[in-house]
Structure formats: C-alpha cells, structure tokens
$ cat final-v3.cif   # mmCIF, C-alpha atoms
data_structure
loop_
_atom_site.label_atom_id
_atom_site.label_comp_id
_atom_site.auth_asym_id
_atom_site.auth_seq_id
_atom_site.Cartn_x
_atom_site.Cartn_y
_atom_site.Cartn_z
CA MET A 1 14.91 31.19 2.29
CA ALA A 2 14.28 27.82 0.65
CA TYR A 3 11.86 24.92 0.80
CA VAL A 4 12.86 21.30 1.33
CA LEU A 5 10.13 18.98 0.03
CA ILE A 6 9.95 15.41 1.38
CA HIS A 7 7.68 13.00 -0.48
CA GLY A 8 5.63 10.20 1.06
CA GLY A 9 5.54 6.46 0.54
CA GLY A 10 5.55 4.79 -2.85
CA THR A 11 6.60 7.91 -4.73
CA THR A 12 9.63 10.07 -5.52
CA ALA A 13 10.84 13.66 -5.63
CA ARG A 14 8.80 13.97 -8.84
CA PHE A 15 5.65 13.95 -6.68
CA TRP A 16 6.16 17.71 -6.30
CA ASP A 17 6.47 18.58 -10.00
CA ARG A 18 3.11 20.38 -10.18
CA LEU A 19 3.83 22.42 -7.05
CA LEU A 20 7.30 23.69 -7.96
CA PRO A 21 6.23 26.33 -10.53
CA HIS A 22 3.95 27.95 -7.93
CA LEU A 23 6.57 28.39 -5.21
CA ASP A 24 7.95 31.87 -4.54
CA GLN A 25 11.32 30.68 -3.21
CA PRO A 26 13.94 28.10 -4.29
CA ALA A 27 13.01 24.52 -3.49
CA LEU A 28 14.82 21.22 -3.13
CA ALA A 29 12.66 18.15 -3.73
CA VAL A 30 14.58 15.20 -2.31
CA ASP A 31 14.49 11.54 -3.28
CA LEU A 32 14.49 9.28 -0.25
CA PRO A 33 16.80 6.23 -0.55
CA GLY A 34 15.64 3.66 -3.05
CA ARG A 35 14.13 6.37 -5.25
CA GLY A 36 15.59 8.01 -8.34
CA ASP A 37 19.31 7.26 -8.57
CA LYS A 38 19.63 6.54 -4.84
CA GLN A 39 20.35 2.86 -4.41
CA ALA A 40 19.09 1.29 -1.18
CA ASP A 41 18.12 -2.09 0.21
CA LEU A 42 14.37 -1.76 0.66
CA ALA A 43 14.39 -4.79 2.97
CA THR A 44 16.49 -3.02 5.58
CA LEU A 45 15.89 0.69 4.90
CA THR A 46 15.39 2.64 8.11
CA VAL A 47 14.12 6.08 9.04
CA GLU A 48 17.61 6.86 10.30
CA LEU A 49 19.10 6.18 6.84
CA GLU A 50 16.40 8.30 5.23
CA VAL A 51 17.18 11.18 7.57
CA ALA A 52 20.89 10.94 6.75
CA SER A 53 20.08 11.04 3.04
CA VAL A 54 17.92 14.16 3.36
CA LEU A 55 20.55 15.94 5.45
CA ALA A 56 23.24 15.10 2.87
CA ASP A 57 21.07 16.46 0.05
CA ILE A 58 20.44 19.70 1.96
CA GLU A 59 24.14 20.11 2.63
CA ALA A 60 25.04 19.52 -1.01
CA ALA A 61 22.40 21.98 -2.25
CA GLU A 62 23.85 24.90 -0.23
CA LEU A 63 20.41 26.35 0.42
CA ASP A 64 19.91 29.80 1.88
CA ASP A 65 18.49 29.95 5.39
CA PRO A 66 15.91 29.91 6.78
CA ILE A 67 14.64 26.58 5.52
CA VAL A 68 11.01 25.51 5.49
CA VAL A 69 10.59 21.73 5.59
CA VAL A 70 7.47 20.41 3.84
CA ALA A 71 6.56 16.74 4.27
CA HIS A 72 3.76 14.67 2.78
CA SER A 73 2.22 11.58 4.40
CA SER A 74 4.88 9.09 5.59
CA GLY A 75 7.53 11.69 4.77
CA GLY A 76 6.62 13.01 8.20
CA LEU A 77 8.54 10.12 9.77
CA VAL A 78 11.89 11.67 8.81
CA VAL A 79 11.06 15.23 9.86
CA PRO A 80 12.13 15.10 13.53
CA GLY A 81 15.50 13.61 12.57
CA VAL A 82 16.00 16.26 9.90
CA LEU A 83 15.17 18.99 12.43
CA ALA A 84 17.61 17.53 14.94
CA GLY A 85 20.33 17.49 12.29
CA MET A 86 19.62 21.01 10.98
CA GLY A 87 19.48 22.85 14.29
CA ASP A 88 18.40 26.46 13.96
CA ARG A 89 18.51 26.48 10.16
CA VAL A 90 14.84 25.42 9.95
CA SER A 91 12.24 28.08 10.73
CA HIS A 92 9.02 26.27 9.90
CA VAL A 93 7.67 22.79 9.21
CA VAL A 94 4.57 22.17 7.10
CA LEU A 95 3.06 18.69 7.37
CA ASN A 96 0.48 17.50 4.85
CA ALA A 97 -1.57 14.56 6.22
CA ALA A 98 1.80 13.59 7.65
CA SER A 99 2.67 10.59 9.80
CA ILE A 100 3.27 11.53 13.44
CA PRO A 101 3.62 8.47 15.69
CA PRO A 102 3.30 8.61 19.47
CA GLU A 103 6.67 9.44 21.04
CA GLY A 104 8.94 6.44 20.41
CA GLY A 105 6.32 4.81 18.20
CA CYS A 106 6.59 4.00 14.51
CA GLY A 107 4.89 4.42 11.18
CA LEU A 108 2.55 1.52 11.88
CA ASP A 109 0.96 3.71 14.56
CA CYS A 110 -0.01 6.18 11.83
CA MET A 111 -2.07 3.74 9.79
CA GLN A 112 -5.72 2.81 9.87
CA PRO A 113 -5.99 -0.39 11.96
CA ARG A 114 -6.92 -2.56 8.96
CA HIS A 115 -3.93 -1.27 7.01
CA ARG A 116 -1.56 -1.69 9.96
CA ASP A 117 -2.71 -5.25 10.64
CA GLY A 118 -2.47 -6.13 6.96
CA VAL A 119 1.09 -4.80 6.70
CA ILE A 120 2.21 -6.69 9.81
CA MET A 121 0.73 -9.98 8.63
CA ALA A 122 2.06 -9.59 5.10
CA VAL A 123 5.59 -8.74 6.24
CA GLU A 124 5.65 -11.63 8.71
CA GLN A 125 4.52 -14.03 5.98
CA ALA A 126 7.12 -12.65 3.56
CA GLN A 127 9.83 -13.23 6.15
CA ARG A 128 8.71 -16.82 6.59
CA ASP A 129 8.77 -17.25 2.81
CA GLY A 130 12.22 -15.66 2.53
CA ILE A 131 11.11 -12.84 0.25
CA VAL A 132 11.22 -9.03 0.47
CA LEU A 133 7.83 -7.38 0.50
CA THR A 134 7.50 -3.85 -0.89
CA THR A 135 4.67 -1.57 -1.90
CA PRO A 136 3.24 -2.58 -5.29
CA GLY A 137 4.56 0.17 -7.54
CA PRO A 138 2.73 1.20 -10.75
CA PRO A 139 -0.68 -0.49 -10.94
CA SER A 140 -1.62 -2.86 -13.73
CA ASP A 141 -4.99 -1.10 -13.84
CA PRO A 142 -4.60 2.66 -13.33
CA GLU A 143 -8.35 2.99 -12.81
CA SER A 144 -7.89 1.49 -9.36
CA PHE A 145 -6.10 4.73 -8.38
CA ARG A 146 -8.74 7.15 -9.69
CA GLY A 147 -10.74 7.28 -6.46
CA ALA A 148 -8.18 5.80 -4.08
CA TYR A 149 -7.08 9.09 -2.51
CA GLY A 150 -10.46 10.54 -1.60
CA GLY A 151 -11.83 13.88 -2.66
CA GLU A 152 -12.87 14.28 -6.28
CA PRO A 153 -11.92 11.36 -8.56
CA LEU A 154 -8.66 12.09 -10.37
CA ASP A 155 -9.08 13.42 -13.89
CA ASP A 156 -7.28 11.63 -16.71
CA ASP A 157 -4.22 13.90 -16.70
CA THR A 158 -3.84 13.69 -12.93
CA LEU A 159 -4.31 9.93 -12.92
CA ALA A 160 -1.58 9.58 -15.55
CA TYR A 161 0.65 11.91 -13.49
CA VAL A 162 0.18 9.89 -10.30
CA VAL A 163 0.75 6.41 -11.79
CA ASP A 164 3.68 7.45 -13.99
CA PRO A 165 6.64 5.19 -13.07
CA VAL A 166 8.78 8.26 -12.43
CA ARG A 167 6.49 8.88 -9.44
CA CYS A 168 4.80 5.59 -8.59
CA VAL A 169 7.50 3.15 -7.44
CA ARG A 170 8.06 0.16 -5.22
CA ASP A 171 8.91 1.23 -1.72
CA THR A 172 10.10 -0.12 1.60
CA LEU A 173 7.76 -1.38 4.30
CA HIS A 174 10.63 -1.84 6.76
CA HIS A 175 10.82 1.83 7.74
CA TYR A 176 7.26 1.68 9.12
CA PHE A 177 8.61 -0.57 11.89
CA GLN A 178 11.33 1.91 12.99
CA PRO A 179 11.01 4.11 16.10
CA VAL A 180 10.55 7.85 15.71
CA SER A 181 11.22 10.51 18.34
CA TRP A 182 10.68 14.27 18.42
CA LEU A 183 12.61 14.76 21.66
CA ALA A 184 15.79 16.00 19.98
CA ALA A 185 14.00 18.23 17.45
CA PRO A 186 14.37 21.95 18.13
CA ALA A 187 11.26 24.08 18.63
CA VAL A 188 10.08 25.52 15.32
CA GLU A 189 6.79 26.79 13.98
CA LEU A 190 4.53 23.90 12.92
CA THR A 191 1.67 23.85 10.44
CA TYR A 192 -0.47 20.76 9.82
CA ILE A 193 -2.54 20.65 6.64
CA LEU A 194 -5.53 18.43 7.34
CA ASN A 195 -7.17 16.96 4.24
CA GLN A 196 -10.83 16.63 5.17
CA ARG A 197 -11.73 14.18 2.38
CA ASP A 198 -8.60 12.05 2.65
CA ARG A 199 -9.20 8.34 2.14
CA PRO A 200 -5.80 6.75 2.97
CA VAL A 201 -5.38 8.94 6.07
CA PRO A 202 -8.89 9.88 7.25
CA ALA A 203 -9.43 13.27 8.87
CA ALA A 204 -10.00 11.71 12.31
CA LEU A 205 -6.61 9.97 12.12
CA GLN A 206 -4.94 13.21 11.07
CA GLU A 207 -6.52 14.90 14.11
CA GLU A 208 -4.98 12.22 16.33
CA MET A 209 -1.57 12.65 14.77
CA LEU A 210 -1.39 16.43 14.90
CA ALA A 211 -2.25 16.20 18.61
CA ARG A 212 0.95 14.15 19.08
CA LEU A 213 3.22 16.97 17.94
CA PRO A 214 5.44 18.45 20.67
CA ARG A 215 3.74 21.85 20.28
CA PRO A 216 0.26 22.75 19.04
CA PRO A 217 0.48 23.42 15.30
CA THR A 218 -1.43 25.85 13.17
CA VAL A 219 -4.06 23.64 11.54
CA VAL A 220 -5.19 24.37 7.97
CA ARG A 221 -8.21 22.29 6.94
CA VAL A 222 -8.67 21.81 3.20
CA ASP A 223 -11.58 20.24 1.35
CA ARG A 224 -9.47 17.75 -0.60
CA GLY A 225 -8.26 14.18 -0.68
CA HIS A 226 -4.77 12.94 0.08
CA LEU A 227 -2.86 14.79 -2.66
CA PRO A 228 -3.34 18.57 -2.44
CA PRO A 229 0.17 19.34 -3.80
CA VAL A 230 -0.96 17.45 -6.94
CA THR A 231 -4.67 18.22 -7.18
CA GLY A 232 -4.47 21.83 -5.99
CA PRO A 233 -0.85 22.97 -6.26
CA GLN A 234 -1.58 26.69 -6.47
CA ALA A 235 -3.70 26.63 -3.31
CA PHE A 236 -1.08 24.48 -1.56
CA ALA A 237 1.63 26.97 -2.48
CA GLU A 238 -0.51 29.76 -1.05
CA VAL A 239 -0.66 27.92 2.29
CA LEU A 240 3.15 27.74 2.25
CA ARG A 241 3.43 31.45 1.48
CA ARG A 242 1.06 32.37 4.30
CA GLY A 243 3.15 30.28 6.69
#
$ encode --input "final-v3.cif" --output "structure tokens"
Amino acid sequence: MAYVLIHGGGTTARFWDRLLPHLDQPALAVDLPGRGDKQADLATLTVELEVASVLADIEAAELDDPIVVVAHSSGGLVVPGVLAGMGDRVSHVVLNAASIPPEGGCGLDCMQPRHRDGVIMAVEQAQRDGIVLTTPGPPSDPESFRGAYGGEPLDDDTLAYVVDPVRCVRDTLHHYFQPVSWLAAPAVELTYILNQRDRPVPAALQEEMLARLPRPPTVVRVDRGHLPPVTGPQAFAEVLRRG
C-alpha cells in the first residue's frame, strides 16, 4: 500500500512535509507542473496535463498497490483523471476541502462567488493587456496569511512554513477554466474531510461539493481551517489510517 499526495493551488509537494513523518505507509508527494523542477507554461496549463504528470510520477515511483490518493483543495480537480488512468490500482480517495465541480464543470464552480467573479474579471483584463496572470506567490507581508485560512491564527513557525518559497509559489489560473468529469473514474471508496472553520472554502461550499461526488462519501468533519495536514498533521494521518 502507498499514499499519493496531491497538493492544492499556489503550493508544491512540500506542502505535505509535516504530514509525511506521521504516515504508516510509503508516500509519494507529487509536484504538479510548474512546481519544483517541473517546467510548465502557467498560461496554458490544463487539468489534463496535470493528470498526465501525476500518472507519470506514480509510474516512475513503482508504488505497491493498493494506492490511496489524497488531494487537498484544488488538487481535487485532477483526481478523476488520475483514477481513470490508474484503473483498479486505487482503493480509496481522501479529499480535504477538495474542489469537486458539477459534472463537466470547472474549478471556477468550486469557488466562492466573489472569488470566482474576481478571477474571471482579472484573467479577462490580463488577456486584453497581453500579460499572464498567476496567483501571487510568497506575500510581501506574511502577516496577511496568519488568519487567511480560518481556524486558529497560524503560529509563527506555521506561518513561516506556509509562506516559505519552497511551498508558496506562483500558480496557474488557467486550469480553473478547464472541464472536469468523473464519468470515467472507477468506483472506489471516497472520504471527504470537511474543515468546519475553513475560510477560503467555507463549510457550506464543501457540503455542496461533496454532494457532487458520484457516490456518497464518508464525511469526516474537523474543527479546523483550510490546512489540517499542516496545522494538525498527526490527526490528519489518523483519519487516513482509519480509512
């Protein structure tokens, strides 16, 4: 058995560093394209290309079956494609506040309306101006991140961990416009971790998204903000073990 860990937007495989020591099985934390040493054009990066990258990493790692796929936030957009490509090798999927669009929808459908509208307007303006718009990357003022995720404000060590440039990076906005479908994904056990004090992805939005899954998931509600693998890695690992 092995875990495959898929990070969310604006971060890298290093997002999972605090979780890894608590896992009871081997784990592969992947970098999506444009992260780490994976070159990619952030202006044209698609969910399809991200899926292909994850599948290639899994193949190269020669992991023992069964595989448990764990995805955080917008990392959920690549999960159905990974499942379709892995067939019966995956036994379980664990989704943490993960993006689940309506069938054939896209990542924009997984955002709060004000965020979605802001992204659409900003990208359209950038196209008119002939520039490539990305997520901001490391903040000039780290304090702006201390309470941004909901839950308890990040302590100094955790704040430094989150904004470290090895984890906080510029990221594509283009993939949020790409269609996502679960129709080709095989039936596997699903768990959705719902972060009840999540600020970027409020609990009500998570409830909407988990209801879009092709089968009812096991729902684990935790009293945390958006980053339980970072703020409570031991408890997060225990959820994985119970699954």
$ residues_around --input "final-v3.cif" --residues "region 185-188 of chain A" --least-positions-apart "2" --cutoff "6 Å" --atoms "all atoms listed in the file" --output "PyMOL selection string"
chain A and resi 80+83-84+91-92+182-183
$ residues_around --input "final-v3.cif" --residues "Leu190 (chain A)" --least-positions-apart "5" --cutoff "8 Å" --atoms "only C-alpha atoms" --output "mmCIF file with C-alpha atoms, in the frame of the given file"
data_model
loop_
_atom_site.group_PDB
_atom_site.id
_atom_site.type_symbol
_atom_site.label_atom_id
_atom_site.label_comp_id
_atom_site.auth_asym_id
_atom_site.auth_seq_id
_atom_site.Cartn_x
_atom_site.Cartn_y
_atom_site.Cartn_z
ATOM 1 C CA HIS A 92 9.020 26.270 9.900
ATOM 2 C CA VAL A 93 7.670 22.790 9.210
ATOM 3 C CA VAL A 94 4.570 22.170 7.100
ATOM 4 C CA LEU A 95 3.060 18.690 7.370
ATOM 5 C CA ARG A 215 3.740 21.850 20.280
ATOM 6 C CA PRO A 216 0.260 22.750 19.040
ATOM 7 C CA PRO A 217 0.480 23.420 15.300
ATOM 8 C CA THR A 218 -1.430 25.850 13.170
#
$ resolve_selection --input "final-v3.cif" --expression "the PyMOL selection byres ((chain A and resi 71) around 8)" --output "list in words"
Leu5, Ile6, His7, Gly8, Val69, Val70, His72, Ser73, Ser74, Gly75, Gly76, Val79, Val93, Val94, Leu95, Asn96 and Ala98 of chain A
$ axis_aligned_box --input "final-v3.cif" --around "region 131-137 of chain A" --padding-each-side "4 Å" --output "lines of an AutoDock Vina configuration file"
center_x = 7.2
center_y = -6.3
center_z = -3.5
size_x = 16.0
size_y = 21.0
size_z = 16.0
$ closest_residue --input "final-v3.cif" --among "A:Pro142, A:Gly151, A:Pro136, A:Pro202" --to "Gly9 (chain A)" --atoms "only C-alpha atoms"
A:Pro136
$ resolve_selection --input "final-v3.cif" --expression "the PyMOL selection byres ((chain A and resi 156) around 12)" --output "PyMOL selection string"
chain A and resi 142-143+145-147+153-155+157-163+231
$ write_last_selection --input "final-v3.cif" --atoms "C-alpha atoms" --output "compact mmCIF listing (two decimals), in the frame of the given file"
# COMPACT_ATOMS: atom_id res chain seq x y z
CA PRO A 142 -4.60 2.66 -13.33
CA GLU A 143 -8.35 2.99 -12.81
CA PHE A 145 -6.10 4.73 -8.38
CA ARG A 146 -8.74 7.15 -9.69
CA GLY A 147 -10.74 7.28 -6.46
CA PRO A 153 -11.92 11.36 -8.56
CA LEU A 154 -8.66 12.09 -10.37
CA ASP A 155 -9.08 13.42 -13.89
CA ASP A 157 -4.22 13.90 -16.70
CA THR A 158 -3.84 13.69 -12.93
CA LEU A 159 -4.31 9.93 -12.92
CA ALA A 160 -1.58 9.58 -15.55
CA TYR A 161 0.65 11.91 -13.49
CA VAL A 162 0.18 9.89 -10.30
CA VAL A 163 0.75 6.41 -11.79
CA THR A 231 -4.67 18.22 -7.18
$ closest_residue --input "final-v3.cif" --among "A:Arg241, A:Val78, A:Pro233, A:Lys38" --to "Pro21 (chain A)" --atoms "all atoms listed in the file"
A:Pro233
$ atom_distance --input "final-v3.cif" --atom1 "CA of Asp17 (chain A)" --atom2 "CA of Arg116 (chain A)"
29.6 Å
$ atom_distance --input "final-v3.cif" --atom1 "CA of Thr134 (chain A)" --atom2 "CA of Leu42 (chain A)"
7.3 Å
$ residues_near_point --input "final-v3.cif" --point "(-11.8, 21.6, 3.6)" --cutoff "9 Å" --atoms "only C-alpha atoms" --output "ChimeraX atom specification"
/A:194-197,220-224
$ write_last_selection --input "final-v3.cif" --atoms "C-alpha atoms" --output "compact mmCIF listing (two decimals), keeping the file's coordinate frame"
# COMPACT_ATOMS: atom_id res chain seq x y z
CA LEU A 194 -5.53 18.43 7.34
CA ASN A 195 -7.17 16.96 4.24
CA GLN A 196 -10.83 16.63 5.17
CA ARG A 197 -11.73 14.18 2.38
CA VAL A 220 -5.19 24.37 7.97
CA ARG A 221 -8.21 22.29 6.94
CA VAL A 222 -8.67 21.81 3.20
CA ASP A 223 -11.58 20.24 1.35
CA ARG A 224 -9.47 17.75 -0.60
$ resolve_selection --input "final-v3.cif" --expression "the PyMOL selection byres ((chain A and resi 62) around 12)" --output "PyMOL selection string"
chain A and resi 1-2+4+26-28+55-61+63-67+89
$ closest_residue --input "final-v3.cif" --among "A:Asp117, A:Asp37, A:Glu48, A:Asp141" --to "Pro179 (chain A)" --atoms "only C-alpha atoms"
A:Glu48
